[in-house]
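Below is one structure, written out as structure tokens; the observations come after it.
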Amino acid sequence: MKPAPFDYIAPTTIDEVAAALGAAEGDGKIIAGGQSLMPMINFRLVKPTIVIDINRVAGLDRIELHGDRVRIGATVRHHMTATDAIIRQHLPIVHEAMHHVAHMTVRNRGTFCGSVAHADPATEMPMMTRFLDGTVIAYSQRGVREIPAAEFFVGSLVNSLEQDEFVIGVDLDAMKPDAGWGFEEFAKRHGDFALACFATTLRCVDGIASDVRVGMMGVGETPLRLEEIEDIIEGTDVSEPVLDTVADRLAQILMPNTDIHASADYRRHLSGVLAKRALRAAWSRANHERLQAR
Ligand SMILES: Cc1cc2nc3c(=O)[nH]c(=O)nc-3n(C[C@H](O)[C@H](O)[C@H](O)COP(=O)(O)OP(=O)(O)OC[C@H]3O[C@@H](n4cnc5c(N)ncnc54)[C@H](O)[C@@H]3O)c2cc1C
């Protein structure tokens, strides 16, 4: 299909973007990488009267470390996130996750923040934002608003941005140097959307798990942070009986969809398998880091 007619502008400052979005009164769309927006426009699933291109706005194309938070700007491409030195050092789990994202052509255009704004519950970057205590930095003519990830993801492809707000960056918690991590996803082909994915970071303090974080995607209407599962693991030795308890509990609490790709039961079973693999890897890395730090 061909898109419905729309105007296009490419402002060079965030204030010009904010003014254009405000003037559009809900009929404007930001374009970053266009990898999700253009298919939606071509299928007429969305019909903006104006498309506002943020790619010429200076300063949004950076990844920066501010204290213990990493900021990813709104025009940072997937390829940059996947290869950046700050990400590699301070967020190795994001570095790993990016290698599961799509294919080269999509990675060259798609942006981390565009994916977060798109809020697809089966994609890596919203999950990383949710489980690494991310904050979405929104901007409008009213100024900056910081939105915790827990409030940002409202439903499948639904976020909590006001119609005149756009994302200028996302802040993530940097990982502690001695943190171990595990990331396991299963997709039918490499680069496809995941059927399920389990991500975890944890530390080993005096032989027990501490600061446990657990995130999942593909098994709910939004990316998930699973505090109940974190509580099961926290303070244990991450032994096989603990992993069995985690898998059993996941099978009880997850409410995934059945669709043409997989049944809900299959996704529940898969979640337990992925959880065990990711937790074993995280525990092994945490112990390795701890011993190296001595
Ligand atoms: C074949 C294919 C395979 C893919 N596989 C994966 C995958 O495995 N994993 C994965 O995570 N993703 C995957 N994607 C999606 C890809 O990562 C997209 O690039 C991403 O979802 C959207 O980023 P974008 O910069 O292209 O956003 P755009 O397409 O430009 O925008 C997407 C939506 O977000 C809004 N938006 C964008 N930027 C902003 C902003 N700064 N502020 C407010 N709203 C904004 C737009 O208005 C639009 O509604 C795939 C895409 C394709 C085409």
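Order determines the names: the first chain of the structure tokens is A, the second B, and so forth; residues in each chain are numbered 1 upward, and ligands are numbered 1 upward as they are shown.
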Subject >> Expected answer as a PyMOL selection string: residues within 7 Å of ligand 1, only C-alpha atoms and all ligand atoms >> reply: chain A and resi 29-38+74+100-103+106-107+109-115+117-118+123-125+165-168+191-194
Subject >> Close residues, region 210-218 of chain A itself excluded, 8 Å, only C-alpha atoms, min 4 positions apart in chain, as a PyMOL selection string >> reply: chain A and resi 121-124+127-128+130-132+194-205+222-227+229-231+233-235+256
Original post:
How far is it from CA of Gly143 (chain A) to CA of Glu25 (chain A), in Å with one decimal?
Top reply: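 Separation between CA of Gly143 (chain A) and CA of Glu25 (chain A): 16.9 Å.
Residue nearest Phe6 (chain A) within the list A:Glu228, A:Ile50, A:Met40, A:His99: A:Ile50 [criterion: smallest interatomic distance, only C-alpha atoms].
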Subject >> Among the residues A:Glu64, A:Asp120, A:Asp248, A:Glu96, the one that comes closest to Val170 (chain A) [using only C-alpha atoms] >> reply: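 Comparing A:Glu64, A:Asp120, A:Asp248, A:Glu96 against Val170 (chain A), the winner is A:Glu64.
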Original post:
Running DSSP on the backbone, which parts of region 21-173 of chain A land in helix (DSSP H, G or I), as a PyMOL selection string?
Top reply: chain A and resi 21-24+37-42+78-83+85-90+92-98+104-109+112-118+124-131+149-152
